[in-house]
Amino acid sequence: MISRREFVAGSVISGAALAVGAARGEAQPAEPSPAAQPPAAAPEPAAPAPIDKRYEPVITPNGVALPYKVVDGVKVWHLVAEPIEHEFAPGLRSPCWGYNGRTTGPTIEAVEGDRVRFYVTNKLPEPTSVHWHGIIVPNGMDGVGGLTQRYIRPGETFKYEFTLRYPGTFMYHPHVDEMTQMGMGLMGMFIIHPRRPRRRVDRDFVLLLSEWMIHVGSTRPDPREMTDFNILTINSKAFPGTAPLVVRTGERVRIRLGNLSMNQHPVHLHGYSFQVTATDGGTIPPSARWPQTTVPVPVGSTRDIRFTADAPGDWALHCHKSHHTMNAMGHELPNLIGVDQRAHDGQHDLEARIRALLPSYRAMGRDGMSEHAAHLEHLRGPRNTVPMMGGEGPYGSLEMGGMFTVLKVRDDLTGRADPGWYVPPPGSMAYRVDPGG
Ligand SMILES: [Cu+2]
């Protein structure tokens, strides 16, 4: 028996798969054919994607799932590595590299025990490969250019095929010129559901953390940067470009965090104590789990956290390195905290004297950085950039950027769209008082 919801979901998936193929005008990818191999295999017939009832699909905020089809019992995907245009947040667009038209690449989702096949087409200007990060694969499928396979040269398509032996949260990314290719946006998440889940969740989110250097006034990410990144992203979006995580009160929630950047990110969730239940190395036994409110997500790893969303509200979810919740921050300036550039004796008005030489000069920073968020209308930044901190909330600027998003938990959700701002019950919000009163 098939429910209407499942029928609709299946139709959408297969429709999307067909639409992608049609839009690109692509023939079925052929077997890559090194000289020693026979000619390319015959194209495989298109088949509608099956409805897999064994798992609740994950949600990739600001992202999409990669549609697949089943050919002779094998789940088949097609990844295309290619130059793309990407918007990090309103005001900041860049030429990047991505998979199937986007960064973060589409999320791949399968089930433990599945036989999977990937056709990978290289439309980049340089060779590439795909490494299936954390997934146990035969050595020749590991995707390390030069070590386990020939490079996928521009214009070529390679086939990867293996059986998914263990469930978990994994990632995929190139293993050729990684600094350039990951620095330009080539990465994605790969979720393997257990064949027999022990505890189901109601909402299962996927967040991939990454970092970029986009020099102020320029557009293209600079992949040569090693430590000093200025755009910090969740699924390649910087706040206020990040979509909220929408949950109904009482739902069981898992958030799967991946990190393909060059820094560790301590991800902090307000309002809840959660358990860290898995890494990309496997499930953590219940006896070894820690209750946490901040989970460090090390470079090149994943962490699953789980909790029951029993407290309604707008709960911040963000990296706790405070410079990772800023956008396009320059810091080659002297420390200006407490430096008063105004005149007090009518003679030594430093701000006015500098402005005589540099008419656009404006003294900032004496009292902190808040004015960057508060006076945006007066501060015209360079073209193609986002404010260092911002995001308008119901009570003013959030003064946040980068790796920041909001978990929105509501009693009365009708759909899964952004429900707007939380209205706390009367008497449950901090307010101004007269200390003398
Ligand atoms: Cu961080």
# chains A, B, ... in the order shown; residues from 1 in each chain; ligands from 1
>>> select_by_dssp(residues="region 143-220 of chain A", states="helix (DSSP H, G or I)", output="JSON list (two decimals) with N, CA and C atoms, in the first residue's frame")
[["chain", "number", "residue", "atom", "x", "y", "z"],
["A", 178, "GLU", "N", 43.44, 19.80, -4.23],
["A", 178, "GLU", "CA", 42.36, 20.00, -3.25],
["A", 178, "GLU", "C", 42.23, 21.43, -2.79],
["A", 179, "MET", "N", 43.37, 22.10, -2.64],
["A", 179, "MET", "CA", 43.31, 23.45, -2.07],
["A", 179, "MET", "C", 42.51, 24.37, -3.00],
["A", 180, "THR", "N", 42.75, 24.23, -4.30],
["A", 180, "THR", "CA", 41.98, 25.03, -5.25],
["A", 180, "THR", "C", 40.53, 24.56, -5.31],
["A", 181, "GLN", "N", 40.36, 23.25, -5.45],
["A", 181, "GLN", "CA", 39.01, 22.76, -5.78],
["A", 181, "GLN", "C", 38.06, 22.85, -4.59],
["A", 182, "MET", "N", 38.55, 22.59, -3.39],
["A", 182, "MET", "CA", 37.68, 22.77, -2.22],
["A", 182, "MET", "C", 37.56, 24.26, -1.89],
["A", 183, "GLY", "N", 38.65, 25.02, -2.09],
["A", 183, "GLY", "CA", 38.60, 26.46, -1.85],
["A", 183, "GLY", "C", 37.65, 27.18, -2.79]]
>>> residues_near_ligand(ligand="ligand 1", cutoff="7 Å", atoms="only C-alpha atoms and all ligand atoms", output="list in words")
Asn263, Gln264, His265, Pro266, Cys319, His320, Lys321, His324 and Met403 of chain A
>>> atom_distance(atom1="CA of Tyr99 (chain A)", atom2="CA of Gly146 (chain A)")
21.5 Å
>>> residues_around(residues="Met226 (chain A)", least_positions_apart="3", cutoff="9 Å", atoms="only C-alpha atoms", output="PDB file with N, CA and C atoms, in the first residue's frame")
ATOM      1  N   MET A 179      43.375  22.101  -2.637  1.00  0.00           N
ATOM      2  CA  MET A 179      43.308  23.454  -2.071  1.00  0.00           C
ATOM      3  C   MET A 179      42.513  24.366  -2.999  1.00  0.00           C
ATOM      4  N   PRO A 223      41.830  30.600  -3.497  1.00  0.00           N
ATOM      5  CA  PRO A 223      42.104  29.304  -2.857  1.00  0.00           C
ATOM      6  C   PRO A 223      43.503  29.201  -2.278  1.00  0.00           C
ATOM      7  N   PHE A 229      40.543  33.174   6.665  1.00  0.00           N
ATOM      8  CA  PHE A 229      39.371  33.209   5.783  1.00  0.00           C
ATOM      9  C   PHE A 229      38.415  34.309   6.222  1.00  0.00           C
ATOM     10  N   MET A 262      39.422  24.606   6.913  1.00  0.00           N
ATOM     11  CA  MET A 262      40.770  24.439   7.465  1.00  0.00           C
ATOM     12  C   MET A 262      40.837  24.793   8.950  1.00  0.00           C
TER      13      MET A 262
END
>>> residues_around(residues="Ala309 (chain A)", least_positions_apart="2", cutoff="12 Å", atoms="only C-alpha atoms", output="PyMOL selection string")
chain A and resi 201-203+245-255+269-274+306-307+311-315+407-411
>>> write_last_selection(atoms="C-alpha atoms", output="mmCIF file, in the first residue's frame")
data_model
loop_
_atom_site.group_PDB
_atom_site.id
_atom_site.type_symbol
_atom_site.label_atom_id
_atom_site.label_comp_id
_atom_site.auth_asym_id
_atom_site.auth_seq_id
_atom_site.Cartn_x
_atom_site.Cartn_y
_atom_site.Cartn_z
ATOM 1 C CA VAL A 201 14.211 10.920 14.110
ATOM 2 C CA ASP A 202 11.519 13.246 12.771
ATOM 3 C CA ARG A 203 13.793 15.953 11.375
ATOM 4 C CA LEU A 245 15.966 24.906 10.622
ATOM 5 C CA VAL A 246 12.203 24.563 11.145
ATOM 6 C CA VAL A 247 10.949 22.032 13.695
ATOM 7 C CA ARG A 248 7.660 21.277 15.450
ATOM 8 C CA THR A 249 7.729 21.168 19.258
ATOM 9 C CA GLY A 250 8.364 17.635 20.474
ATOM 10 C CA GLU A 251 10.013 16.347 17.309
ATOM 11 C CA ARG A 252 13.164 14.272 17.565
ATOM 12 C CA VAL A 253 15.936 16.071 15.727
ATOM 13 C CA ARG A 254 19.301 15.033 14.356
ATOM 14 C CA ILE A 255 21.768 17.556 12.954
ATOM 15 C CA LEU A 269 23.132 25.282 19.975
ATOM 16 C CA HIS A 270 21.114 27.476 22.308
ATOM 17 C CA GLY A 271 18.173 26.176 24.328
ATOM 18 C CA TYR A 272 19.060 22.478 24.415
ATOM 19 C CA SER A 273 21.399 19.882 25.765
ATOM 20 C CA PHE A 274 22.148 17.369 23.027
ATOM 21 C CA ARG A 306 20.552 14.436 18.597
ATOM 22 C CA PHE A 307 17.918 15.965 20.876
ATOM 23 C CA ALA A 311 11.376 24.019 23.935
ATOM 24 C CA PRO A 312 9.704 26.348 21.431
ATOM 25 C CA GLY A 313 11.572 29.475 20.387
ATOM 26 C CA ASP A 314 14.117 30.957 17.995
ATOM 27 C CA TRP A 315 17.325 29.284 19.093
ATOM 28 C CA LEU A 407 16.596 26.672 14.892
ATOM 29 C CA LYS A 408 12.914 27.648 14.867
ATOM 30 C CA VAL A 409 10.830 25.405 17.123
ATOM 31 C CA ARG A 410 7.062 25.988 17.111
ATOM 32 C CA ASP A 411 3.953 24.395 18.622
#
>>> residues_around(residues="Gly401 (chain A)", least_positions_apart="5", cutoff="6 Å", atoms="only C-alpha atoms", output="ChimeraX atom specification")
/A:239,325-327,389
>>> residues_around(residues="Gly73 (chain A)", least_positions_apart="2", cutoff="10 Å", atoms="only C-alpha atoms", output="ChimeraX atom specification")
/A:69-71,75-76,114-116
>>> residues_around(residues="Glu156 (chain A)", least_positions_apart="4", cutoff="6 Å", atoms="only C-alpha atoms", output="ChimeraX atom specification")
/A:121-122,152
>>> atom_distance(atom1="CA of Arg150 (chain A)", atom2="CA of Asp177 (chain A)")
13.6 Å
>>> atom_distance(atom1="CA of Leu358 (chain A)", atom2="CA of Gly91 (chain A)")
26.2 Å
>>> select_by_dssp(residues="region 170-293 of chain A", states="strand (DSSP E or B)", output="PDB file with C-alpha atoms, in the first residue's frame")
ATOM      1  CA  PHE A 170      30.045  11.191   5.268  1.00  0.00           C
ATOM      2  CA  MET A 171      31.291  13.712   2.706  1.00  0.00           C
ATOM      3  CA  TYR A 172      32.584  13.829  -0.853  1.00  0.00           C
ATOM      4  CA  HIS A 173      35.188  16.120  -2.378  1.00  0.00           C
ATOM      5  CA  GLY A 188      29.085  17.791  -0.544  1.00  0.00           C
ATOM      6  CA  MET A 189      27.568  15.463   2.031  1.00  0.00           C
ATOM      7  CA  PHE A 190      26.903  11.733   1.636  1.00  0.00           C
ATOM      8  CA  ILE A 191      24.359  10.203   4.016  1.00  0.00           C
ATOM      9  CA  ILE A 192      24.003   6.442   4.457  1.00  0.00           C
ATOM     10  CA  HIS A 193      20.923   5.423   6.452  1.00  0.00           C
ATOM     11  CA  ARG A 203      13.793  15.953  11.375  1.00  0.00           C
ATOM     12  CA  ASP A 204      17.246  15.132  10.052  1.00  0.00           C
ATOM     13  CA  PHE A 205      19.353  18.152   9.003  1.00  0.00           C
ATOM     14  CA  VAL A 206      22.624  18.249   7.076  1.00  0.00           C
ATOM     15  CA  LEU A 207      25.031  21.180   7.581  1.00  0.00           C
ATOM     16  CA  LEU A 208      28.426  21.325   5.831  1.00  0.00           C
ATOM     17  CA  LEU A 209      30.869  23.928   7.175  1.00  0.00           C
ATOM     18  CA  SER A 210      33.363  25.601   4.875  1.00  0.00           C
ATOM     19  CA  GLU A 211      35.539  28.699   4.603  1.00  0.00           C
ATOM     20  CA  TRP A 212      36.440  31.071   1.814  1.00  0.00           C
ATOM     21  CA  ILE A 231      33.592  34.241   4.494  1.00  0.00           C
ATOM     22  CA  LEU A 232      32.494  31.392   6.788  1.00  0.00           C
ATOM     23  CA  THR A 233      29.595  29.304   5.581  1.00  0.00           C
ATOM     24  CA  ILE A 234      27.001  26.665   6.388  1.00  0.00           C
ATOM     25  CA  LYS A 237      25.746  30.308   2.738  1.00  0.00           C
ATOM     26  CA  PHE A 239      24.270  34.601   7.520  1.00  0.00           C
ATOM     27  CA  LEU A 245      15.966  24.906  10.622  1.00  0.00           C
ATOM     28  CA  VAL A 246      12.203  24.563  11.145  1.00  0.00           C
ATOM     29  CA  VAL A 247      10.949  22.032  13.695  1.00  0.00           C
ATOM     30  CA  ARG A 248       7.660  21.277  15.450  1.00  0.00           C
ATOM     31  CA  ARG A 252      13.164  14.272  17.565  1.00  0.00           C
ATOM     32  CA  VAL A 253      15.936  16.071  15.727  1.00  0.00           C
ATOM     33  CA  ARG A 254      19.301  15.033  14.356  1.00  0.00           C
ATOM     34  CA  ILE A 255      21.768  17.556  12.954  1.00  0.00           C
ATOM     35  CA  ARG A 256      24.612  16.121  10.900  1.00  0.00           C
ATOM     36  CA  LEU A 257      27.599  18.486  10.821  1.00  0.00           C
ATOM     37  CA  GLY A 258      30.487  18.111   8.395  1.00  0.00           C
ATOM     38  CA  ASN A 259      33.642  20.192   8.209  1.00  0.00           C
ATOM     39  CA  HIS A 265      34.353  24.820  14.392  1.00  0.00           C
ATOM     40  CA  PRO A 266      32.803  24.543  17.877  1.00  0.00           C
ATOM     41  CA  VAL A 267      29.115  24.542  16.936  1.00  0.00           C
ATOM     42  CA  HIS A 268      26.894  25.805  19.737  1.00  0.00           C
ATOM     43  CA  LEU A 269      23.132  25.282  19.975  1.00  0.00           C
ATOM     44  CA  PHE A 274      22.148  17.369  23.027  1.00  0.00           C
ATOM     45  CA  GLN A 275      24.061  14.135  22.649  1.00  0.00           C
ATOM     46  CA  VAL A 276      26.850  13.548  20.170  1.00  0.00           C
ATOM     47  CA  THR A 277      25.812  10.219  18.723  1.00  0.00           C
ATOM     48  CA  ALA A 278      28.174   9.551  15.818  1.00  0.00           C
ATOM     49  CA  THR A 279      31.273  10.610  13.915  1.00  0.00           C
ATOM     50  CA  GLY A 282      30.792   5.250  13.222  1.00  0.00           C
ATOM     51  CA  THR A 283      28.128   5.334  15.908  1.00  0.00           C
ATOM     52  CA  PRO A 291      25.764  15.640  26.939  1.00  0.00           C
ATOM     53  CA  GLN A 292      26.889  18.830  25.223  1.00  0.00           C
TER      54      GLN A 292
END
